[in-house]
file work-v3.txt (compact mmCIF, C-alpha atoms)
# COMPACT_ATOMS: atom_id res chain seq x y z
CA MET A 1 -29.70 28.53 27.14
CA LYS A 2 -28.75 25.10 28.50
CA THR A 3 -28.65 21.73 26.81
CA ASP A 4 -26.99 18.31 27.10
CA LEU A 5 -25.55 15.79 24.68
CA ALA A 6 -28.69 13.67 24.42
CA GLN A 7 -30.66 16.79 23.58
CA ILE A 8 -28.11 17.88 21.00
CA ALA A 9 -28.41 14.46 19.33
CA GLU A 10 -32.18 14.71 19.45
CA ILE A 11 -32.12 18.22 17.99
CA TYR A 12 -29.75 17.07 15.27
CA ARG A 13 -31.96 14.12 14.31
CA ALA A 14 -35.04 16.31 14.23
CA GLY A 15 -33.21 18.81 12.03
CA ILE A 16 -32.11 16.09 9.63
CA GLU A 17 -35.60 14.59 9.51
CA GLU A 18 -36.97 17.98 8.58
CA LYS A 19 -34.27 18.64 6.06
CA GLY A 20 -34.76 15.29 4.27
CA PRO A 21 -32.05 14.05 1.93
CA GLY A 22 -28.57 14.95 2.97
CA PRO A 23 -25.80 17.11 1.49
CA GLY A 24 -24.72 16.68 -2.10
CA THR A 25 -26.75 16.49 -5.25
CA ALA A 26 -28.53 13.20 -4.65
CA CYS A 27 -28.52 10.22 -2.35
CA PRO A 28 -26.02 7.54 -3.36
CA ALA A 29 -27.45 4.41 -4.94
CA PRO A 30 -28.20 1.70 -2.37
CA GLU A 31 -25.69 -0.46 -4.23
CA ASP A 32 -23.03 2.12 -3.34
CA LEU A 33 -23.99 1.79 0.30
CA ALA A 34 -23.62 -1.99 -0.05
CA ARG A 35 -20.15 -1.49 -1.56
CA LEU A 36 -19.28 0.64 1.44
CA VAL A 37 -20.41 -2.11 3.79
CA THR A 38 -18.50 -4.84 1.97
CA GLY A 39 -15.38 -2.67 1.90
CA GLU A 40 -15.27 -2.43 -1.90
CA ALA A 41 -15.61 1.35 -2.01
CA GLY A 42 -12.38 3.27 -2.54
CA ARG A 43 -11.17 5.90 -0.12
CA LYS A 44 -12.61 8.91 -1.96
CA GLU A 45 -15.88 7.18 -2.65
CA ARG A 46 -16.12 6.09 0.98
CA ARG A 47 -15.65 9.65 2.22
CA ARG A 48 -18.12 11.06 -0.28
CA ILE A 49 -20.77 8.52 0.65
CA LEU A 50 -20.19 8.83 4.40
CA ASP A 51 -20.27 12.63 4.28
CA HIS A 52 -23.64 12.35 2.62
CA VAL A 53 -24.98 9.54 4.80
CA ALA A 54 -23.96 11.24 8.05
CA GLY A 55 -26.26 14.13 7.27
CA CYS A 56 -29.04 12.27 5.46
CA GLY A 57 -32.13 11.10 7.30
CA ASP A 58 -32.96 8.65 4.49
CA CYS A 59 -29.59 7.02 3.85
CA ALA A 60 -28.40 6.69 7.45
CA PRO A 61 -31.06 4.13 8.49
CA LEU A 62 -30.60 2.16 5.26
CA LEU A 63 -26.83 1.98 5.73
CA LYS A 64 -27.37 0.92 9.32
CA SER A 65 -29.67 -1.90 8.18
CA LEU A 66 -27.10 -3.03 5.61
CA LEU A 67 -24.40 -3.01 8.29
CA ARG A 68 -26.50 -5.12 10.62
CA LEU A 69 -27.33 -7.60 7.85
CA SER A 70 -23.69 -7.79 6.84
CA GLY A 71 -22.63 -8.45 10.42
CA GLU A 72 -25.27 -11.13 10.80
CA VAL A 73 -24.18 -12.87 7.59
CA ASP A 74 -20.60 -12.80 8.84
CA ARG A 75 -21.69 -14.26 12.14
CA LEU A 76 -23.79 -16.98 10.54
CA THR A 77 -21.19 -17.97 7.97
CA GLY A 78 -18.58 -18.08 10.72
CA LYS A 79 -16.52 -15.20 9.48
CA ALA A 80 -15.64 -13.02 12.40
CA GLU A 81 -15.22 -9.73 10.64
CA LEU A 82 -14.10 -7.18 13.16
CA HIS A 83 -12.74 -4.84 10.58
CA GLN A 84 -11.07 -2.01 12.42
CA GLY A 85 -9.29 -0.11 9.72
CA PRO A 86 -6.06 -0.94 7.97
CA LYS A 87 -3.76 -2.86 10.27
CA PRO A 88 -0.45 -1.20 10.99
CA LEU A 89 2.67 -3.12 10.02
CA LEU A 90 3.55 -3.47 13.70
CA SER A 91 1.15 -3.42 16.59
CA ARG A 92 1.85 -0.90 19.35
CA ARG A 93 3.12 -3.68 21.61
CA ALA A 94 5.41 -5.11 18.92
CA ALA A 95 6.73 -1.64 18.10
CA LEU A 96 7.53 -1.00 21.76
CA GLY A 97 9.24 -4.39 21.99
CA ALA A 98 11.31 -3.66 18.91
CA LEU A 99 12.29 -0.25 20.29
CA ALA A 100 13.31 -1.76 23.64
CA GLY A 101 15.33 -4.41 21.80
CA LEU A 102 17.06 -1.76 19.72
CA ILE A 103 17.93 0.26 22.81
CA GLY A 104 19.23 -2.91 24.53
CA LEU A 105 21.36 -3.77 21.53
CA THR A 106 22.78 -0.25 21.43
CA VAL A 107 23.66 -0.39 25.14
CA VAL A 108 25.36 -3.79 24.74
CA THR A 109 27.32 -2.63 21.67
CA TYR A 110 28.40 0.54 23.43
CA SER A 111 29.46 -1.43 26.51
CA VAL A 112 31.50 -3.83 24.39
CA ILE A 113 33.27 -0.93 22.69
CA ARG A 114 33.94 0.77 26.00
CA LEU A 115 35.21 -2.49 27.43
CA ALA A 116 37.56 -2.98 24.48
CA GLU A 117 38.93 0.54 24.94
CA ARG A 118 39.37 0.24 28.68
CA PRO A 119 42.99 -0.30 29.69
CA VAL A 120 43.26 -3.74 31.21
CA VAL A 121 45.50 -3.60 34.23
CA ARG A 122 46.08 -6.93 35.80
CA GLY A 123 47.58 -6.92 39.28
CA THR A 124 49.01 -3.43 39.02
CA SER A 125 47.96 -0.10 40.41
CA GLY A 126 48.70 3.24 38.80
CA ILE A 127 50.95 1.83 36.07
CA GLN A 128 49.79 2.45 32.52
CA VAL A 129 51.08 1.94 29.03
CA ARG A 130 50.75 5.28 27.22
CA LEU A 131 50.74 5.18 23.44
CA ILE A 132 52.72 7.94 21.73
CA SER A 133 52.44 7.38 17.99
CA PRO A 134 50.64 6.97 15.76
CA LYS A 135 48.29 9.22 17.67
CA GLN A 136 44.60 8.50 18.05
CA GLY A 137 42.95 9.10 14.64
CA ALA A 138 46.25 9.53 12.76
CA SER A 139 46.33 8.94 9.00
CA LEU A 140 49.52 7.53 7.51
CA THR A 141 50.97 5.35 4.76
CA ALA A 142 51.79 1.70 5.30
CA GLY A 143 55.49 2.34 4.77
CA GLU A 144 55.91 4.93 7.48
CA ILE A 145 54.28 3.11 10.35
CA GLU A 146 56.36 3.14 13.45
CA PHE A 147 54.69 2.49 16.77
CA ARG A 148 56.04 4.19 19.88
CA TRP A 149 54.88 4.15 23.46
CA GLU A 150 56.14 5.25 26.85
CA ALA A 151 58.43 2.79 28.52
CA VAL A 152 56.93 1.14 31.56
CA PRO A 153 59.16 0.77 34.60
CA LYS A 154 59.95 -2.84 35.43
CA ALA A 155 58.65 -4.05 32.08
CA SER A 156 60.62 -7.05 30.88
CA ARG A 157 59.09 -7.03 27.39
CA TYR A 158 56.19 -5.74 25.32
CA ALA A 159 53.83 -7.17 22.74
CA MET A 160 51.87 -5.20 20.20
CA ASP A 161 48.57 -6.04 18.54
CA VAL A 162 46.91 -4.55 15.45
CA PHE A 163 43.15 -4.96 14.99
CA ASN A 164 40.95 -4.21 12.01
CA SER A 165 37.81 -2.07 12.15
CA SER A 166 35.82 -5.11 13.34
CA LEU A 167 38.28 -5.44 16.20
CA GLU A 168 39.62 -8.73 14.86
CA ARG A 169 43.31 -9.11 15.43
CA VAL A 170 45.23 -8.93 12.14
CA TRP A 171 48.75 -9.02 13.50
CA ARG A 172 50.59 -9.61 16.77
CA SER A 173 54.24 -8.90 17.32
CA GLY A 174 56.65 -11.19 19.03
CA PRO A 175 58.33 -10.06 22.29
CA VAL A 176 59.65 -6.51 21.93
CA ALA A 177 62.35 -5.21 24.23
CA ASP A 178 62.15 -1.48 23.38
CA ALA A 179 59.28 0.97 23.61
CA SER A 180 58.99 1.26 19.83
CA LEU A 181 58.40 -0.99 16.88
CA LYS A 182 58.63 -0.57 13.13
CA LEU A 183 56.00 -2.60 11.34
CA PRO A 184 57.88 -5.46 9.66
CA GLU A 185 57.58 -6.11 5.94
CA ASP A 186 55.41 -9.22 6.34
CA ALA A 187 52.89 -7.32 8.47
CA ARG A 188 52.62 -4.43 6.01
CA GLY A 189 50.90 -6.77 3.55
CA LEU A 190 48.11 -7.25 6.09
CA ILE A 191 47.52 -3.52 6.56
CA LEU A 192 45.50 -2.32 3.60
CA GLY A 193 45.26 1.20 2.27
CA GLY A 194 41.98 3.00 2.88
CA ASP A 195 41.16 0.95 5.98
CA THR A 196 41.00 1.84 9.65
CA TYR A 197 42.90 -0.10 12.31
CA PHE A 198 43.46 -0.10 16.05
CA TRP A 199 46.61 -0.88 17.98
CA ARG A 200 47.53 -1.55 21.55
CA VAL A 201 50.53 -2.58 23.57
CA THR A 202 50.80 -5.12 26.36
CA ALA A 203 53.63 -4.66 28.82
CA VAL A 204 54.81 -7.75 30.67
CA LEU A 205 56.37 -6.85 34.02
CA GLU A 206 59.26 -8.67 35.61
CA ASP A 207 56.98 -10.46 37.98
CA GLY A 208 54.85 -11.75 35.08
CA ARG A 209 51.96 -9.33 35.45
CA GLU A 210 50.56 -7.69 32.30
CA ILE A 211 49.47 -4.12 31.64
CA VAL A 212 47.44 -3.44 28.52
CA SER A 213 47.16 0.00 26.92
CA LYS A 214 44.06 1.65 25.51
CA LEU A 215 43.20 1.03 21.89
CA ALA A 216 44.29 3.79 19.50
CA GLU A 217 42.82 4.19 16.05
CA PHE A 218 44.76 4.96 12.90
CA SER A 219 43.98 4.80 9.21
CA ILE A 220 46.07 3.98 6.18
CA ARG A 221 46.04 6.30 3.19
CA ASN A 222 45.81 4.80 -0.28
CA MET B 1 -26.01 -26.01 -2.37
CA PRO B 2 -24.06 -26.37 0.87
CA ASP B 3 -26.08 -28.12 3.58
CA ASN B 4 -25.73 -25.31 6.08
CA ILE B 5 -27.15 -22.62 3.78
CA GLU B 6 -30.71 -23.46 4.79
CA SER B 7 -29.96 -23.00 8.45
CA ILE B 8 -28.11 -19.74 7.67
CA LEU B 9 -31.09 -18.41 5.71
CA GLU B 10 -33.55 -19.46 8.39
CA ALA B 11 -31.48 -17.68 11.02
CA LEU B 12 -31.19 -14.59 8.82
CA ALA B 13 -34.90 -14.29 7.98
CA PRO B 14 -36.06 -12.55 11.20
CA LEU B 15 -33.41 -9.85 10.78
CA LEU B 16 -34.37 -9.25 7.13
CA ILE B 17 -37.95 -8.62 8.18
CA SER B 18 -37.07 -6.53 11.22
CA GLU B 19 -34.74 -4.34 9.14
CA LEU B 20 -37.49 -3.72 6.61
CA ARG B 21 -39.75 -2.73 9.46
CA ALA B 22 -37.05 -0.52 10.96
CA LEU B 23 -36.93 1.35 7.66
CA GLY B 24 -40.66 1.98 7.96
CA TYR B 25 -41.97 -0.72 5.64
CA THR B 26 -44.59 -3.25 6.68
CA ALA B 27 -43.39 -6.82 6.20
CA SER B 28 -45.19 -10.11 6.77
CA SER B 29 -44.25 -13.79 6.93
CA ALA B 30 -45.15 -14.06 3.24
CA ASP B 31 -42.54 -11.39 2.49
CA ARG B 32 -40.07 -13.36 4.57
CA ASP B 33 -40.63 -16.50 2.47
CA ASP B 34 -40.37 -14.55 -0.77
CA LEU B 35 -37.08 -12.96 0.28
CA LEU B 36 -35.61 -16.28 1.35
CA GLN B 37 -36.71 -17.89 -1.90
CA GLU B 38 -35.03 -15.15 -3.93
CA ILE B 39 -31.81 -15.58 -2.00
CA ARG B 40 -31.93 -19.35 -2.51
CA VAL B 41 -32.44 -18.94 -6.25
CA ARG B 42 -29.56 -16.48 -6.55
CA ILE B 43 -27.21 -18.74 -4.60
CA TRP B 44 -28.30 -21.71 -6.69
CA LYS B 45 -27.56 -19.75 -9.89
CA VAL B 46 -24.10 -18.83 -8.68
CA LEU B 47 -23.41 -22.44 -7.77
CA ARG B 48 -24.63 -23.61 -11.19
CA ASP B 49 -22.49 -21.06 -13.05
CA ARG B 50 -19.43 -22.07 -11.09
CA GLU B 51 -20.08 -25.78 -11.24
CA GLY B 52 -20.75 -26.07 -7.56
CA GLU B 53 -17.54 -24.44 -6.40
CA ILE B 54 -17.52 -21.04 -4.74
CA PHE B 55 -14.47 -19.61 -3.14
CA PHE B 56 -15.23 -16.97 -0.49
CA PHE B 57 -18.71 -18.39 -0.08
CA ASP B 58 -19.49 -15.99 2.79
CA ALA B 59 -18.74 -12.97 0.58
CA TYR B 60 -21.11 -14.27 -2.12
CA VAL B 61 -23.87 -14.90 0.40
CA LYS B 62 -23.42 -11.42 1.80
CA LYS B 63 -23.55 -9.80 -1.63
CA ILE B 64 -26.67 -11.72 -2.52
CA VAL B 65 -28.42 -10.94 0.78
CA LEU B 66 -27.61 -7.22 0.58
CA SER B 67 -28.62 -7.06 -3.05
CA ILE B 68 -31.99 -8.75 -2.42
CA PHE B 69 -32.59 -6.50 0.57
CA ILE B 70 -31.79 -3.36 -1.44
CA ARG B 71 -34.07 -4.49 -4.23
CA GLU B 72 -36.87 -5.00 -1.75
CA VAL B 73 -36.31 -1.57 -0.19
CA LYS B 74 -36.33 0.07 -3.61
CA LYS B 75 -39.50 -1.76 -4.58
CA ARG B 76 -41.27 -0.67 -1.43
CA ALA B 77 -40.03 2.89 -1.76
CA ARG B 78 -41.45 3.02 -5.28
CA GLU B 79 -44.77 1.71 -4.02
CA ARG B 80 -44.80 4.29 -1.27
CA ARG B 81 -44.13 7.10 -3.71
CA LEU B 82 -47.00 5.91 -5.91
CA ILE B 83 -49.32 5.84 -2.91
CA ASN B 84 -48.20 9.30 -1.84
CA ALA B 85 -48.66 10.59 -5.35
CA ALA B 86 -52.20 9.25 -5.29
CA GLY B 87 -52.82 11.41 -2.24
CA THR B 88 -52.71 8.69 0.34
CA ASP B 89 -50.55 9.11 3.37
CA GLY B 90 -47.92 6.43 2.93
CA ASP B 91 -45.82 7.53 5.86
CA LEU B 92 -47.51 5.05 8.14
CA ILE B 93 -44.79 4.18 10.52
CA ARG B 94 -42.36 7.04 10.54
CA GLY B 95 -45.00 9.64 11.10
CA GLY B 96 -44.83 13.14 9.74
CA ARG B 97 -41.76 15.29 10.04
CA GLY B 98 -42.71 17.53 12.88
CA HIS B 99 -41.93 21.17 13.07
CA GLN B 100 -40.89 22.99 16.19
CA ALA B 101 -41.25 26.68 16.43
CA GLY B 102 -39.53 29.53 18.24
CA SER B 103 -36.41 28.92 20.32
CA GLY B 104 -36.41 25.23 19.21
CA ASP B 105 -35.80 26.33 15.65
CA ARG B 106 -32.97 28.61 16.65
CA LEU B 107 -31.37 25.85 18.73
CA LYS B 108 -31.67 23.40 15.85
CA GLU B 109 -30.10 25.85 13.44
CA THR B 110 -27.27 26.62 15.85
CA VAL B 111 -26.50 22.94 16.47
CA ILE B 112 -26.47 22.09 12.76
CA GLU B 113 -24.42 25.18 11.89
CA SER B 114 -21.90 24.48 14.64
CA LEU B 115 -21.57 20.89 13.48
CA GLY B 116 -20.91 22.19 9.99
CA THR B 117 -17.91 24.16 11.20
CA LEU B 118 -16.13 21.07 12.57
CA GLY B 119 -13.52 19.21 10.55
CA ALA B 120 -14.88 16.57 8.15
CA ALA B 121 -13.84 13.54 10.23
CA LYS B 122 -15.17 14.95 13.50
CA ARG B 123 -18.41 16.04 11.89
CA ARG B 124 -18.87 12.64 10.27
CA ALA B 125 -18.18 10.80 13.53
CA LEU B 126 -20.60 13.00 15.49
CA GLU B 127 -23.36 12.87 12.91
CA LEU B 128 -23.14 9.09 12.57
CA ARG B 129 -23.18 8.74 16.35
CA PHE B 130 -26.21 11.02 16.60
CA GLU B 131 -27.86 8.84 13.97
CA GLY B 132 -27.45 5.92 16.35
CA TYR B 133 -24.35 4.22 14.93
CA THR B 134 -22.12 2.44 17.42
CA PHE B 135 -18.42 3.30 17.69
CA ALA B 136 -17.60 -0.10 16.16
CA GLU B 137 -19.81 0.69 13.16
CA ILE B 138 -18.33 4.16 12.75
CA ALA B 139 -14.83 2.69 12.92
CA ARG B 140 -15.64 -0.02 10.41
CA LEU B 141 -17.25 2.34 7.90
CA ASN B 142 -14.41 4.83 8.05
CA HIS B 143 -11.66 2.19 8.14
CA TRP B 144 -10.52 3.58 11.49
CA SER B 145 -9.49 1.71 14.59
CA LEU B 146 -12.01 1.67 17.40
CA ARG B 147 -9.70 3.83 19.49
CA LYS B 148 -9.40 6.37 16.68
CA ALA B 149 -13.17 6.49 16.18
CA CYS B 150 -13.70 7.14 19.91
CA GLY B 151 -10.92 9.74 19.99
CA ILE B 152 -12.28 11.66 17.00
CA TYR B 153 -15.79 11.55 18.44
CA TYR B 154 -14.82 12.83 21.89
CA ARG B 155 -12.62 15.57 20.50
CA GLY B 156 -15.47 16.53 18.20
CA ILE B 157 -17.92 16.66 21.10
CA ALA B 158 -15.56 18.89 23.08
CA GLU B 159 -15.17 21.19 20.10
CA LEU B 160 -18.90 21.27 19.43
CA LYS B 161 -19.69 22.12 23.06
CA ASP B 162 -17.10 24.86 22.93
CA ARG B 163 -18.63 26.36 19.80
CA LEU B 164 -22.15 26.09 21.18
CA ALA B 165 -21.03 27.78 24.40
CA LYS B 166 -19.65 30.69 22.37
CA ARG B 167 -23.09 31.05 20.86
CA GLY B 168 -24.77 31.06 24.25
CA ILE B 169 -25.76 27.39 24.47
CA HIS B 170 -24.16 25.85 27.50
CA ASP B 171 -23.72 22.20 28.38
CA GLU B 172 -25.64 20.93 31.38
CA ASP B 173 -23.39 17.85 31.93
call {"tool": "encode", "arguments": {"input": "work-v3.txt", "output": "structure tokens"}}
result
Amino acid sequence: MKTDLAQIAEIYRAGIEEKGPGPGTACPAPEDLARLVTGEAGRKERRRILDHVAGCGDCAPLLKSLLRLSGEVDRLTGKAELHQGPKPLLSRRAALGALAGLIGLTVVTYSVIRLAERPVVRGTSGIQVRLISPKQGASLTAGEIEFRWEAVPKASRYAMDVFNSSLERVWRSGPVADASLKLPEDARGLILGGDTYFWRVTAVLEDGREIVSKLAEFSIRN
Amino acid sequence: MPDNIESILEALAPLLISELRALGYTASSADRDDLLQEIRVRIWKVLRDREGEIFFFDAYVKKIVLSIFIREVKKRARERRLINAAGTDGDLIRGGRGHQAGSGDRLKETVIESLGTLGAAKRRALELRFEGYTFAEIARLNHWSLRKACGIYYRGIAELKDRLAKRGIHDED
């Protein structure tokens, strides 16, 4: 047997006409239909009424009339009511924009971190300052901090920086001649237990060029 | 009473009458005037009770219009039942509910049964659409977005066609 959508709709309407009142015990009161149209019906009530109306040859036309009247009143009183369900907190476009912004922010943050970690070599090729201790991720007490790094050939002096977890500099040494440095007493007061810090060394070559090491992280035990 | 209410009521009157007719009730210009007068009186009462100030005026007007319309429909339905009970054929406009025999009956049963097996939302969307509701009306009644209403309807149609095909009724489209 063959049929099409228009015929199915026709068959359905004929079936409903024959059947009379729709599913459920009785037709809802017309006032309930009005509450549905004005949006006053709760979710459960709305479903119950609509399930009935959808299959009821008597209620469906009445609800349709109420809808048309409601729309006309809205139009005449100047209230454009294009109620299309509860609005989401963010529209699809806004959500996509927010997501793109978040991704952009992540990329920028990551780039900044990578940039901060990158050894800055100014005017040199192949020469690096390698940090020896404390090693990356080491955990130690404030009293035992001694920084050591590999000596750089032709380095006239070094300088060492300590940064907090926000990468703000908390301490900078004066010129250091050797490839090691014990944290002086005054600097220990700036390094707090339980916090994470980063350190790096800048080597100043005889010709004035500077080589900066990578950042290494260390934490201070309480 | 706000000045524009008269023009609103005048503009609304033809629809009130045509909706009554669409529901199968005869309605004349006298009915039109009666309905408008009732709406005017109700609005006037609301204005009097609230000392001339109504917030959400459009919502009040809508409530009053729908309520008067419903009352009129109920009144006419009662009259029709009385006429039918007296043995007169009151179904003047709709006409009798016809009966098809043979394969038509089987097809009807199959369509209604297959619809019944769909999920509630799909069934509701399809049935309302078959009843002549627009997608915008279906969306509004169900508190769905227009896109959702269309999506549920088309998925429902696909499912219905599939179920009908399994029962030997194939789509011509």
call {"tool": "atom_distance", "arguments": {"input": "work-v3.txt", "atom1": "atom CA of B:Ile8", "atom2": "atom CA of B:Arg40"}}
result
10.9 Å
call {"tool": "atom_distance", "arguments": {"input": "work-v3.txt", "atom1": "atom CA of A:Gly15", "atom2": "atom CA of A:Ala54"}}
result
12.6 Å
call {"tool": "residues_near_point", "arguments": {"input": "work-v3.txt", "point": "(46.1, -1.3, 26.7)", "cutoff": "7 Å", "atoms": "only C-alpha atoms", "output": "list in words"}}
result
Pro119, Val120, Val129, Arg200, Val201, Thr202, Ile211, Val212, Ser213, Lys214 and Leu215 of chain A
call {"tool": "interface_residues", "arguments": {"input": "work-v3.txt", "of": "chain B", "to": "chain A", "cutoff": "8 Å", "atoms": "only C-alpha atoms", "output": "ChimeraX atom specification"}}
result
/B:8,11-12,15-16,19,22-23,58,61-63,65-67,70,97-99,107-109,111-112,120,124-125,127-128,130-131,133,136-137,139-146,168-173
call {"tool": "residues_around", "arguments": {"input": "work-v3.txt", "residues": "A:Pro184", "least_positions_apart": "6", "cutoff": "10 Å", "atoms": "all atoms listed in the file", "output": "tab-separated table (two decimals) with C-alpha atoms, in the frame of the given file"}}
result
chain	number	residue	atom	x	y	z
A	143	GLY	CA	55.49	2.34	4.77
A	145	ILE	CA	54.28	3.11	10.35
A	146	GLU	CA	56.36	3.14	13.45
A	173	SER	CA	54.24	-8.90	17.32
call {"tool": "decode", "arguments": {"input": "work-v3.txt", "residues": "stretch 150-170 of chain B", "atoms": "C-alpha atoms", "output": "PDB file, in the first residue's frame"}}
result
ATOM      1  CA  CYS B 150      10.991  21.561  13.407  1.00  0.00           C
ATOM      2  CA  GLY B 151      13.669  19.047  14.398  1.00  0.00           C
ATOM      3  CA  ILE B 152      11.305  16.989  16.559  1.00  0.00           C
ATOM      4  CA  TYR B 153       8.651  17.059  13.839  1.00  0.00           C
ATOM      5  CA  TYR B 154      10.961  15.916  11.036  1.00  0.00           C
ATOM      6  CA  ARG B 155      12.530  13.188  13.140  1.00  0.00           C
ATOM      7  CA  GLY B 156       9.032  12.082  14.096  1.00  0.00           C
ATOM      8  CA  ILE B 157       7.952  11.983  10.456  1.00  0.00           C
ATOM      9  CA  ALA B 158      10.981   9.881   9.536  1.00  0.00           C
ATOM     10  CA  GLU B 159      10.242   7.490  12.380  1.00  0.00           C
ATOM     11  CA  LEU B 160       6.560   7.294  11.507  1.00  0.00           C
ATOM     12  CA  LYS B 161       7.307   6.539   7.850  1.00  0.00           C
ATOM     13  CA  ASP B 162       9.734   3.864   8.950  1.00  0.00           C
ATOM     14  CA  ARG B 163       7.139   2.231  11.184  1.00  0.00           C
ATOM     15  CA  LEU B 164       4.456   2.444   8.517  1.00  0.00           C
ATOM     16  CA  ALA B 165       6.827   0.889   5.984  1.00  0.00           C
ATOM     17  CA  LYS B 166       7.391  -2.039   8.341  1.00  0.00           C
ATOM     18  CA  ARG B 167       3.652  -2.549   8.343  1.00  0.00           C
ATOM     19  CA  GLY B 168       3.464  -2.488   4.569  1.00  0.00           C
ATOM     20  CA  ILE B 169       2.504   1.162   4.033  1.00  0.00           C
ATOM     21  CA  HIS B 170       5.124   2.839   1.923  1.00  0.00           C
TER      22      HIS B 170
END
